[in-house]
>>> print(open('upload_31.txt').read())   # compact mmCIF, C-alpha atoms
# COMPACT_ATOMS: atom_id res chain seq x y z
CA MET A 105 -11.93 3.10 12.44
CA MET A 106 -14.31 5.46 10.63
CA TRP A 107 -12.49 5.30 7.30
CA GLY A 108 -12.45 1.50 7.44
CA ARG A 109 -16.22 1.43 7.95
CA ILE A 110 -16.73 3.87 5.08
CA PHE A 111 -14.58 1.71 2.78
CA ARG A 112 -16.48 -1.47 3.67
CA THR A 113 -19.85 0.26 3.22
CA LEU A 114 -18.96 1.69 -0.19
CA THR A 115 -17.46 -1.62 -1.33
CA LEU A 116 -20.58 -3.52 -0.27
CA LEU A 117 -22.86 -0.96 -1.94
CA GLY A 118 -20.90 -1.25 -5.19
CA ALA A 119 -21.07 -5.06 -5.01
CA ILE A 120 -24.86 -4.93 -4.53
CA ILE A 121 -25.25 -2.61 -7.54
CA THR A 122 -22.99 -4.87 -9.59
CA MET A 123 -25.06 -7.94 -8.69
CA GLY A 124 -28.15 -5.92 -9.55
CA LEU A 125 -26.89 -5.70 -13.13
CA VAL A 126 -26.90 -9.48 -13.47
CA LEU A 127 -30.02 -10.60 -11.60
CA PRO A 128 -32.59 -9.11 -14.05
CA THR A 129 -30.99 -11.17 -16.85
CA LEU A 130 -31.64 -14.46 -15.04
CA SER A 131 -35.10 -15.81 -15.82
CA PRO A 132 -36.59 -18.87 -14.05
CA HIS A 133 -36.93 -20.60 -17.42
CA GLU A 134 -33.21 -20.24 -18.14
CA LEU A 135 -32.22 -21.40 -14.66
CA VAL A 136 -33.99 -24.76 -15.00
CA ALA A 137 -32.76 -25.33 -18.56
CA PRO A 138 -29.70 -27.58 -19.07
CA GLY A 139 -26.63 -25.60 -18.04
CA GLY A 140 -28.70 -22.60 -16.96
CA LEU A 141 -27.74 -22.63 -13.27
CA ALA A 142 -24.02 -23.03 -14.02
CA THR A 143 -24.19 -20.19 -16.56
CA ALA A 144 -25.94 -17.94 -14.02
CA ILE A 145 -23.26 -18.66 -11.42
CA GLY A 146 -20.64 -17.91 -14.06
CA ARG A 147 -22.17 -14.52 -14.84
CA LEU A 148 -22.45 -13.56 -11.17
CA THR A 149 -18.90 -14.59 -10.28
CA GLY A 150 -17.51 -12.87 -13.38
CA MET A 151 -19.15 -9.54 -12.59
CA LEU A 152 -18.30 -9.65 -8.89
CA GLY A 153 -14.71 -10.77 -9.54
CA THR A 154 -14.13 -7.95 -12.02
CA TYR A 155 -15.69 -5.43 -9.64
CA LEU A 156 -13.33 -6.53 -6.85
CA LEU A 157 -10.43 -6.30 -9.31
CA LEU A 158 -11.27 -2.61 -9.74
CA VAL A 159 -11.47 -2.18 -5.97
CA THR A 160 -8.00 -3.70 -5.51
CA VAL A 161 -6.60 -1.32 -8.14
CA LEU A 162 -8.19 1.68 -6.43
CA LEU A 163 -6.79 0.61 -3.05
CA VAL A 164 -3.24 1.02 -4.36
CA GLY A 165 -4.13 3.99 -6.57
CA ARG A 166 -2.12 6.41 -4.37
CA ILE A 167 -5.08 8.74 -3.78
CA PRO A 168 -3.50 11.38 -1.47
CA SER A 169 -6.46 11.96 0.86
CA VAL A 170 -7.02 8.22 1.30
CA GLU A 171 -3.31 7.56 1.86
CA ARG A 172 -3.17 10.26 4.55
CA ALA A 173 -6.25 8.94 6.32
CA LEU A 174 -5.46 5.22 6.30
CA GLY A 175 -1.76 4.77 5.58
CA GLN A 176 -0.28 2.84 2.69
CA ASP A 177 0.37 -0.27 4.77
CA THR A 178 -3.33 -0.55 5.64
CA LEU A 179 -4.36 -0.10 2.00
CA VAL A 180 -1.87 -2.70 0.81
CA ARG A 181 -3.10 -5.11 3.49
CA TRP A 182 -6.69 -4.70 2.27
CA HIS A 183 -5.48 -5.06 -1.33
CA ARG A 184 -3.86 -8.38 -0.47
CA ARG A 185 -6.92 -9.66 1.39
CA LEU A 186 -9.16 -9.00 -1.61
CA GLY A 187 -6.66 -10.31 -4.18
CA PRO A 188 -7.31 -14.04 -3.61
CA TRP A 189 -11.06 -13.46 -3.90
CA VAL A 190 -10.55 -11.81 -7.29
CA ILE A 191 -8.72 -14.89 -8.54
CA ILE A 192 -11.22 -17.34 -7.01
CA LEU A 193 -14.21 -15.53 -8.51
CA LEU A 194 -12.70 -15.09 -11.97
CA VAL A 195 -11.54 -18.70 -12.15
CA ALA A 196 -15.03 -19.76 -11.02
CA HIS A 197 -16.49 -17.56 -13.76
CA ALA A 198 -14.42 -19.29 -16.43
CA LEU A 199 -15.23 -22.79 -15.13
CA PHE A 200 -18.98 -22.28 -14.63
CA ILE A 201 -19.51 -20.48 -17.94
CA THR A 202 -17.72 -23.29 -19.76
CA LEU A 203 -19.65 -25.92 -17.79
CA GLY A 204 -22.98 -24.20 -18.44
CA TYR A 205 -22.42 -23.91 -22.17
CA ALA A 206 -21.17 -27.51 -22.32
CA GLN A 207 -24.28 -28.80 -20.52
CA GLY A 208 -26.51 -26.70 -22.74
CA ILE A 209 -25.26 -28.34 -25.95
CA LYS A 210 -24.38 -31.68 -24.32
CA THR A 211 -20.66 -31.70 -25.00
CA GLY A 212 -17.49 -31.98 -22.92
CA MET A 213 -15.92 -29.05 -21.09
CA ALA A 214 -12.59 -29.35 -22.95
CA HIS A 215 -14.35 -29.23 -26.31
CA GLU A 216 -16.52 -26.33 -25.25
CA PHE A 217 -13.53 -24.41 -23.88
CA ALA A 218 -11.71 -24.80 -27.20
CA THR A 219 -14.81 -23.63 -29.06
CA LEU A 220 -15.19 -20.55 -26.86
CA VAL A 221 -11.55 -19.54 -27.27
CA THR A 222 -11.43 -20.04 -31.04
CA HIS A 223 -14.88 -18.85 -32.12
CA PHE A 224 -16.07 -16.19 -29.66
CA PRO A 225 -14.65 -12.65 -30.07
CA GLY A 226 -12.33 -11.54 -27.30
CA MET A 227 -12.25 -14.90 -25.53
CA LEU A 228 -8.59 -15.61 -26.24
CA GLY A 229 -7.66 -12.24 -24.77
CA ALA A 230 -9.85 -12.95 -21.74
CA VAL A 231 -8.01 -16.22 -21.10
CA VAL A 232 -4.66 -14.43 -21.37
CA GLY A 233 -5.89 -11.71 -19.01
CA LEU A 234 -7.02 -14.27 -16.44
CA GLY A 235 -3.64 -15.97 -16.67
CA LEU A 236 -1.87 -12.67 -15.98
CA ILE A 237 -4.05 -12.02 -12.92
CA ILE A 238 -3.33 -15.52 -11.56
CA VAL A 239 0.43 -15.07 -12.05
CA ALA A 240 0.31 -11.66 -10.33
CA GLY A 241 -1.59 -13.17 -7.41
CA VAL A 242 0.74 -16.14 -6.98
CA THR A 243 3.85 -13.95 -7.09
CA SER A 244 2.41 -11.66 -4.39
CA TYR A 245 2.69 -14.33 -1.72
CA ARG A 246 5.61 -13.33 0.48
CA ASN A 247 7.49 -16.62 0.21
CA VAL A 248 7.25 -16.54 -3.60
CA ARG A 249 8.13 -12.86 -3.86
CA LYS A 250 11.27 -13.31 -1.75
CA ARG A 251 12.63 -15.69 -4.40
CA MET A 252 12.10 -13.26 -7.29
CA ARG A 253 14.03 -10.27 -8.51
CA TYR A 254 12.06 -7.12 -7.82
CA GLU A 255 12.06 -6.03 -11.46
CA THR A 256 10.46 -9.35 -12.44
CA TRP A 257 7.73 -8.97 -9.82
CA TRP A 258 7.19 -5.32 -10.79
CA THR A 259 6.89 -6.13 -14.51
CA ILE A 260 4.39 -8.92 -13.84
CA HIS A 261 2.22 -6.54 -11.83
CA LEU A 262 2.30 -3.92 -14.56
CA TYR A 263 0.61 -6.48 -16.80
CA THR A 264 -2.38 -6.56 -14.43
CA TYR A 265 -3.40 -3.21 -15.94
CA LEU A 266 -3.43 -4.92 -19.34
CA ALA A 267 -5.43 -7.78 -17.85
CA ALA A 268 -7.99 -5.33 -16.45
CA ALA A 269 -8.31 -3.59 -19.83
CA ILE A 270 -8.87 -6.96 -21.53
CA ALA A 271 -11.55 -7.86 -18.98
CA PHE A 272 -13.34 -4.56 -19.66
CA SER A 273 -13.38 -5.15 -23.42
CA HIS A 274 -14.48 -8.76 -22.97
CA GLN A 275 -17.38 -7.85 -20.69
CA LEU A 276 -18.80 -5.08 -22.87
CA SER A 277 -18.65 -7.23 -26.02
CA ASN A 278 -19.91 -10.51 -24.52
CA GLY A 279 -21.56 -9.65 -21.20
CA THR A 280 -25.30 -10.35 -21.12
CA PRO A 281 -25.98 -7.59 -18.51
CA PHE A 282 -24.83 -4.98 -21.04
CA LEU A 283 -26.63 -6.20 -24.16
CA GLY A 284 -29.57 -3.85 -24.61
CA HIS A 285 -29.13 -2.27 -21.17
CA PRO A 286 -27.73 1.28 -21.67
CA LEU A 287 -27.92 2.26 -17.98
CA ALA A 288 -25.88 -0.79 -17.03
CA ARG A 289 -23.27 0.12 -19.66
CA VAL A 290 -23.11 3.71 -18.36
CA TYR A 291 -22.58 2.52 -14.76
CA TRP A 292 -19.91 -0.01 -15.72
CA ILE A 293 -18.06 2.32 -18.09
CA SER A 294 -18.12 5.09 -15.45
CA LEU A 295 -16.64 2.71 -12.87
CA TRP A 296 -13.85 1.75 -15.23
CA LEU A 297 -13.16 5.37 -16.24
CA LEU A 298 -12.93 6.32 -12.54
CA THR A 299 -10.39 3.56 -11.93
CA ALA A 300 -8.36 4.41 -15.03
CA GLY A 301 -8.43 8.11 -14.11
CA VAL A 302 -7.13 7.40 -10.60
CA VAL A 303 -4.27 5.29 -11.98
CA LEU A 304 -3.30 7.81 -14.64
CA CYS A 305 -3.59 10.81 -12.32
CA TYR A 306 -2.06 9.59 -9.08
CA ARG A 307 0.22 6.73 -10.13
CA PHE A 308 1.73 8.55 -13.12
CA GLY A 309 0.52 12.13 -13.58
CA LEU A 310 1.03 13.72 -10.15
CA PRO A 311 4.46 12.10 -9.52
CA THR A 312 5.65 13.25 -12.95
CA VAL A 313 4.47 16.83 -12.37
CA ARG A 314 6.07 17.03 -8.92
CA SER A 315 9.34 15.53 -10.09
CA LEU A 316 9.62 17.95 -13.00
CA SER A 317 8.55 20.90 -10.86
CA HIS A 318 10.95 20.35 -7.95
CA ARG A 319 13.90 19.05 -10.03
CA LEU A 320 15.48 17.09 -7.22
CA ARG A 321 19.11 15.99 -7.29
CA VAL A 322 21.38 14.28 -4.81
CA ALA A 323 23.34 16.93 -2.88
CA ARG A 324 25.48 14.73 -0.63
CA VAL A 325 25.70 11.44 1.22
CA GLU A 326 26.55 11.53 4.94
CA GLN A 327 27.65 8.58 7.05
CA GLU A 328 25.62 8.36 10.26
CA SER A 329 26.91 5.08 11.69
CA PRO A 330 28.11 1.75 10.31
CA GLY A 331 25.54 0.66 7.74
CA VAL A 332 23.43 3.82 8.07
CA ILE A 333 23.64 6.85 5.77
CA SER A 334 21.74 10.08 5.34
CA LEU A 335 21.02 11.20 1.80
CA VAL A 336 20.42 14.93 1.30
CA VAL A 337 18.55 15.96 -1.85
CA ARG A 338 18.27 19.50 -3.16
CA GLY A 339 15.55 20.95 -5.39
CA HIS A 340 13.39 23.93 -6.21
CA HIS A 341 10.58 25.22 -3.97
CA LEU A 342 10.60 22.20 -1.67
CA GLU A 343 8.63 24.22 0.85
CA ARG A 344 5.63 23.66 -1.44
CA LEU A 345 5.73 19.90 -0.93
CA PRO A 346 2.68 19.00 1.20
CA ILE A 347 4.71 16.83 3.55
CA VAL A 348 4.55 16.64 7.35
CA GLY A 349 6.72 14.92 9.91
CA GLY A 350 6.42 11.14 9.93
CA GLN A 351 5.48 10.75 6.28
CA PHE A 352 7.46 8.96 3.59
CA MET A 353 7.96 9.32 -0.14
CA ASN A 354 8.83 6.92 -2.91
CA PHE A 355 12.23 7.91 -4.29
CA ARG A 356 13.43 6.86 -7.73
CA PHE A 357 17.12 7.57 -8.35
CA LEU A 358 17.68 8.06 -12.07
CA THR A 359 20.92 6.20 -12.47
CA ARG A 360 21.89 2.83 -13.89
CA GLY A 361 20.49 -0.06 -11.91
CA LEU A 362 18.13 2.07 -9.81
CA TRP A 363 15.99 4.10 -12.24
CA TRP A 364 13.33 1.42 -12.71
CA ARG A 365 12.48 1.09 -9.01
CA ALA A 366 10.80 3.54 -6.65
CA HIS A 367 11.45 2.71 -3.00
CA PRO A 368 9.70 4.13 0.12
CA TYR A 369 11.88 6.08 2.56
CA SER A 370 10.74 8.21 5.48
CA VAL A 371 11.93 11.79 5.49
CA SER A 372 14.23 12.33 8.48
CA ALA A 373 14.49 16.12 8.08
CA LEU A 374 11.64 18.17 6.63
CA PRO A 375 12.31 20.44 3.65
CA GLY A 376 14.24 23.56 4.57
CA GLY A 377 16.42 25.80 2.43
CA ASN A 378 15.44 23.72 -0.62
CA GLU A 379 16.93 20.59 0.92
CA MET A 380 15.43 17.55 2.59
CA ARG A 381 16.90 14.36 3.93
CA ILE A 382 16.25 10.66 4.19
CA THR A 383 18.16 8.32 6.50
CA VAL A 384 18.60 4.75 5.32
CA LYS A 385 19.97 1.52 6.73
CA ALA A 386 21.72 -0.78 4.24
CA ALA A 387 19.30 -3.71 4.41
CA GLY A 388 19.10 -4.74 0.76
CA GLU A 389 20.42 -4.17 -2.73
CA HIS A 390 18.60 -0.87 -3.24
CA SER A 391 19.35 0.74 0.12
CA SER A 392 23.01 -0.39 -0.01
CA ALA A 393 23.44 1.24 -3.42
CA LEU A 394 22.39 4.66 -2.08
CA ALA A 395 25.72 5.09 -0.29
CA ARG A 396 27.44 5.09 -3.69
CA LEU A 397 25.23 7.70 -5.36
CA ALA A 398 27.13 10.56 -6.95
CA PRO A 399 26.15 14.17 -6.20
CA GLY A 400 24.03 15.53 -9.01
CA THR A 401 22.10 12.30 -9.59
CA ALA A 402 18.54 13.17 -10.63
CA VAL A 403 15.72 12.03 -8.34
CA ALA A 404 12.04 11.41 -9.13
CA ILE A 405 9.51 11.35 -6.30
CA GLU A 406 6.05 10.02 -5.50
CA GLY A 407 4.09 11.17 -2.50
CA PRO A 408 4.15 12.17 0.28
CA TYR A 409 2.25 9.29 1.83
CA GLY A 410 1.44 7.94 5.26
CA ALA A 411 -0.84 8.48 8.26
CA PHE A 412 2.02 8.40 10.80
CA THR A 413 1.66 12.13 11.53
CA ARG A 414 0.67 14.59 14.23
CA TYR A 415 -2.82 14.75 12.72
CA ALA A 416 -3.53 11.18 13.82
CA ARG A 417 -3.27 11.96 17.54
CA ASP A 418 -6.24 12.33 19.91
CA THR A 419 -4.37 13.87 22.84
CA ASP A 420 -1.68 16.42 23.62
CA ARG A 421 0.52 13.73 25.15
CA VAL A 422 2.44 11.35 22.88
CA LEU A 423 4.85 8.47 23.26
CA LEU A 424 7.20 7.98 20.31
CA VAL A 425 8.90 4.58 20.19
CA ALA A 426 11.55 3.75 17.59
CA ALA A 427 13.85 0.81 17.00
CA GLY A 428 16.86 1.14 14.71
CA VAL A 429 16.20 3.13 11.54
CA GLY A 430 12.60 3.52 12.71
CA ALA A 431 13.94 6.65 14.40
CA THR A 432 13.81 8.38 11.00
CA PRO A 433 10.11 9.38 11.00
CA VAL A 434 10.23 9.99 14.76
CA ARG A 435 12.99 12.57 14.28
CA ALA A 436 10.90 14.38 11.65
CA MET A 437 7.81 14.27 13.88
CA LEU A 438 9.74 15.97 16.67
CA GLU A 439 10.31 18.84 14.22
CA ASP A 440 6.64 19.02 13.37
CA LEU A 441 4.68 18.39 16.57
CA PRO A 442 3.13 21.52 18.13
CA ARG A 443 5.28 22.91 20.92
CA HIS A 444 2.61 22.41 23.60
CA VAL A 445 2.49 18.64 23.05
CA ASP A 446 4.07 16.64 25.88
CA VAL A 447 6.56 14.19 24.35
CA VAL A 448 8.21 11.04 25.65
CA VAL A 449 10.61 9.19 23.31
CA LEU A 450 11.90 5.62 23.64
CA LEU A 451 14.86 4.70 21.44
CA ARG A 452 15.61 0.98 21.18
CA GLY A 453 18.84 -0.56 19.90
CA SER A 454 20.98 -3.64 20.41
CA SER A 455 23.95 -1.33 20.98
CA ALA A 456 24.51 2.40 21.32
CA ARG A 457 25.53 2.73 17.67
CA ASP A 458 22.12 1.29 16.67
CA LEU A 459 20.39 4.37 18.11
CA VAL A 460 19.99 6.09 14.75
CA LEU A 461 20.03 9.93 14.80
CA ARG A 462 20.54 9.76 18.54
CA ASP A 463 22.20 13.17 18.95
CA GLU A 464 19.61 15.02 16.87
CA ILE A 465 16.71 13.39 18.68
CA THR A 466 18.31 14.16 22.05
CA GLU A 467 18.60 17.81 21.10
CA LEU A 468 15.04 18.08 19.77
CA VAL A 469 13.58 16.39 22.86
CA GLY A 470 15.62 18.69 25.11
CA VAL A 471 14.43 21.82 23.32
CA ARG A 472 10.84 20.70 23.83
CA GLY A 473 11.38 19.84 27.51
CA GLY A 474 10.41 16.24 26.82
CA ARG A 475 11.82 12.96 28.15
CA LEU A 476 14.08 10.54 26.30
CA HIS A 477 14.73 6.95 27.34
CA GLU A 478 17.41 4.88 25.61
CA ILE A 479 16.96 1.12 25.83
CA VAL A 480 20.20 -0.54 24.81
CA GLY A 481 20.79 -4.28 24.82
CA SER A 482 19.35 -7.50 23.52
CA ARG A 483 15.66 -8.31 23.82
CA ALA A 484 16.51 -10.80 26.56
CA GLU A 485 18.46 -8.17 28.51
CA GLN A 486 16.06 -5.29 27.91
CA PRO A 487 12.57 -6.64 27.16
CA LEU A 488 10.08 -3.89 26.41
CA ASP A 489 7.26 -5.76 28.11
CA ALA A 490 4.25 -4.22 29.85
CA GLY A 491 6.07 -3.90 33.17
CA HIS A 492 9.07 -2.15 31.66
CA LEU A 493 6.87 0.21 29.66
CA LYS A 494 4.82 1.06 32.75
CA ARG A 495 7.96 1.93 34.73
CA LEU A 496 9.31 4.16 31.97
CA VAL A 497 5.99 5.82 31.07
CA PRO A 498 3.54 5.54 33.99
CA ASP A 499 0.82 7.49 32.13
CA ILE A 500 1.10 5.46 28.90
CA ALA A 501 -2.64 4.65 28.89
CA GLY A 502 -3.41 8.36 28.45
CA ARG A 503 -1.00 8.94 25.56
CA ASP A 504 -1.05 8.51 21.82
CA LEU A 505 1.46 5.81 20.92
CA TYR A 506 3.54 6.11 17.75
CA VAL A 507 5.79 3.15 17.05
CA CYS A 508 8.15 2.51 14.14
CA GLY A 509 10.68 -0.25 13.61
CA PRO A 510 10.90 -3.87 12.42
CA SER A 511 7.53 -5.54 12.00
CA GLY A 512 8.07 -8.06 14.81
CA PHE A 513 9.16 -5.35 17.23
CA MET A 514 6.09 -3.24 16.47
CA LYS A 515 3.66 -6.13 16.89
CA GLN A 516 5.17 -7.08 20.23
CA LEU A 517 5.24 -3.53 21.59
CA ILE A 518 1.68 -2.78 20.44
CA ALA A 519 0.45 -5.95 22.16
CA GLN A 520 2.11 -4.90 25.41
CA ALA A 521 0.71 -1.38 25.14
CA ARG A 522 -2.80 -2.77 24.75
CA LEU A 523 -2.33 -4.72 27.95
CA LEU A 524 -1.64 -1.39 29.66
CA GLY A 525 -4.91 0.11 28.42
CA VAL A 526 -3.81 2.02 25.29
CA HIS A 527 -6.83 2.13 22.97
CA ASN A 528 -6.50 1.06 19.34
CA GLU A 529 -7.53 4.54 18.18
CA ARG A 530 -4.43 5.94 19.88
CA ILE A 531 -1.95 3.44 18.40
CA HIS A 532 -0.25 4.66 15.22
CA HIS A 533 2.30 2.78 13.17
CA GLU A 534 3.52 2.40 9.59
CA ASP A 535 4.75 -0.94 8.30
CA PHE A 536 7.01 -0.94 5.22
CA GLU A 537 7.35 -4.73 5.16
CA PHE A 538 4.62 -5.22 2.60
>>> encode(input="upload_31.txt", output="structure tokens")
Amino acid sequence: MMWGRIFRTLTLLGAIITMGLVLPTLSPHELVAPGGLATAIGRLTGMLGTYLLLVTVLLVGRIPSVERALGQDTLVRWHRRLGPWVIILLVAHALFITLGYAQGIKTGMAHEFATLVTHFPGMLGAVVGLGLIIVAGVTSYRNVRKRMRYETWWTIHLYTYLAAAIAFSHQLSNGTPFLGHPLARVYWISLWLLTAGVVLCYRFGLPTVRSLSHRLRVARVEQESPGVISLVVRGHHLERLPIVGGQFMNFRFLTRGLWWRAHPYSVSALPGGNEMRITVKAAGEHSSALARLAPGTAVAIEGPYGAFTRYARDTDRVLLVAAGVGATPVRAMLEDLPRHVDVVVLLRGSSARDLVLRDEITELVGVRGGRLHEIVGSRAEQPLDAGHLKRLVPDIAGRDLYVCGPSGFMKQLIAQARLLGVHNERIHHEDFEF
């Protein structure tokens, strides 16, 4: 993927520049002195670890153009892959710096650590910041996160911004690469200002402006099927929202018990007449609570986000596959796809009532002159394997494939589609299970 290559190139270039700030400060004489090699390793790991910390923050900075190109699930996946390296490098920095200083003055590491924390400016804050980053990393592992209340996890991750600010202050006041090197300070400060600007603008500023501008409120709650509801929200000038079919937004419902949490939901009906709609399956505490929302409840929004749109396609023939509530973005895409695009839709459900928005999708497919296949039954009874897919859609290899549903379902279907010759560039999906 082009955007993936661009990201890796820019990240590598930034890492090289960052290392270039440290290398001129390492003289051969210092490296062979007692503790010199350990101190050098400590400086390198500290700078690289902090640089990658900034990269992880930018990855989840909600930059609209990046979100549209790559999709939030891809960005979060990259964020999680880099996260452990941030912790490893920063822990290595603390250990090697302490070891180097201890070897230099011929004392123990515990004694030297206590001296650094109590006598060097900013060191206590740096230790606290590192502790916050480690806690945030540990709680991000899926098995740990499942055992925590969301508000606890969310609060812990907010403190990573504080940890990053502490790291910045610590580096400028104690970092050898910045002492007497104005160009290095300018580069590093610019990098931090860029990161802070992205967070303030796109994580807080833009959502606040859009929420205040559109003044969304809950209009009504409609029962679609057992356990599935549609929530219609009404606001001002919703036609100005830059949203297209297949995208999602983070909705924050400003009522007791829900106001603190923004949750991603795909839009199932694009804005029209100052209303738009999301369709939700009761799968957790937050989604279950939406059925009880009172009309008039204020709504704050973030987004739109997502690359699961008509702009991702390479061809004028598409196959839309949805399981369960995954039909939500598919329904909106059917509204938005150009009329000349040839559409085949596969709806998958354990029973007929699990075919979410079935009637609306049937109507939209019929209007377009497309084909709709309903696959009802258990996976054992109706396996969507390569043979079944080939019988339903003989020309699948020449189509763009859009698939939405539970993570396991998507992985299995994508694997079968690849066996039938569908290229990776033509496979589009959005995974909310991050």
>>> closest_atom_pairs(input="upload_31.txt", of="segment 355-399 of chain A", to="segment 232-254 of chain A", cutoff="12 Å", atoms="only C-alpha atoms", output="CSV")
residue,atom,partner,partner_atom,distance
A:Gly361,CA,A:Tyr254,CA,11.7
A:Leu362,CA,A:Tyr254,CA,11.2
A:Trp364,CA,A:Tyr254,CA,9.9
A:Arg365,CA,A:Tyr254,CA,8.3
A:Ala366,CA,A:Tyr254,CA,10.8
A:His367,CA,A:Tyr254,CA,11.0
A:Gly388,CA,A:Tyr254,CA,11.4
A:Glu389,CA,A:Tyr254,CA,10.2
A:His390,CA,A:Tyr254,CA,10.1
>>> closest_residue(input="upload_31.txt", among="A:Arg522, A:Lys385, A:Arg324, A:Arg435", to="Ser372 of chain A", atoms="all atoms listed in the file")
A:Arg435
>>> residues_around(input="upload_31.txt", residues="segment 463-475 of chain A", least_positions_apart="4", cutoff="9 Å", atoms="all atoms listed in the file", output="MDAnalysis selection string")
chainID A and resid 431 434:435 438:439 443:450
>>> atom_distance(input="upload_31.txt", atom1="atom CA of Tyr409 of chain A", atom2="atom CA of Val348 of chain A")
9.5 Å
>>> closest_residue(input="upload_31.txt", among="A:Leu397, A:Ala218, A:Leu156, A:Ile405", to="Gly339 of chain A", atoms="only C-alpha atoms")
A:Ile405
>>> closest_residue(input="upload_31.txt", among="A:Ala411, A:Ile209, A:Leu297, A:Val159", to="Phe352 of chain A", atoms="only C-alpha atoms")
A:Ala411
>>> atom_distance(input="upload_31.txt", atom1="atom CA of Asp504 of chain A", atom2="atom CA of Glu171 of chain A")
20.1 Å
>>> atom_distance(input="upload_31.txt", atom1="atom CA of Ile382 of chain A", atom2="atom CA of Thr432 of chain A")
7.6 Å
>>> residues_around(input="upload_31.txt", residues="Gly509 of chain A", least_positions_apart="4", cutoff="12 Å", atoms="all atoms listed in the file", output="PyMOL selection string")
chain A and resi 370+385+424-434+450-453+458-460+513-518+533-537
>>> closest_residue(input="upload_31.txt", among="A:Ser317, A:Thr312, A:Thr129, A:Ser329", to="Arg344 of chain A", atoms="all atoms listed in the file")
A:Ser317
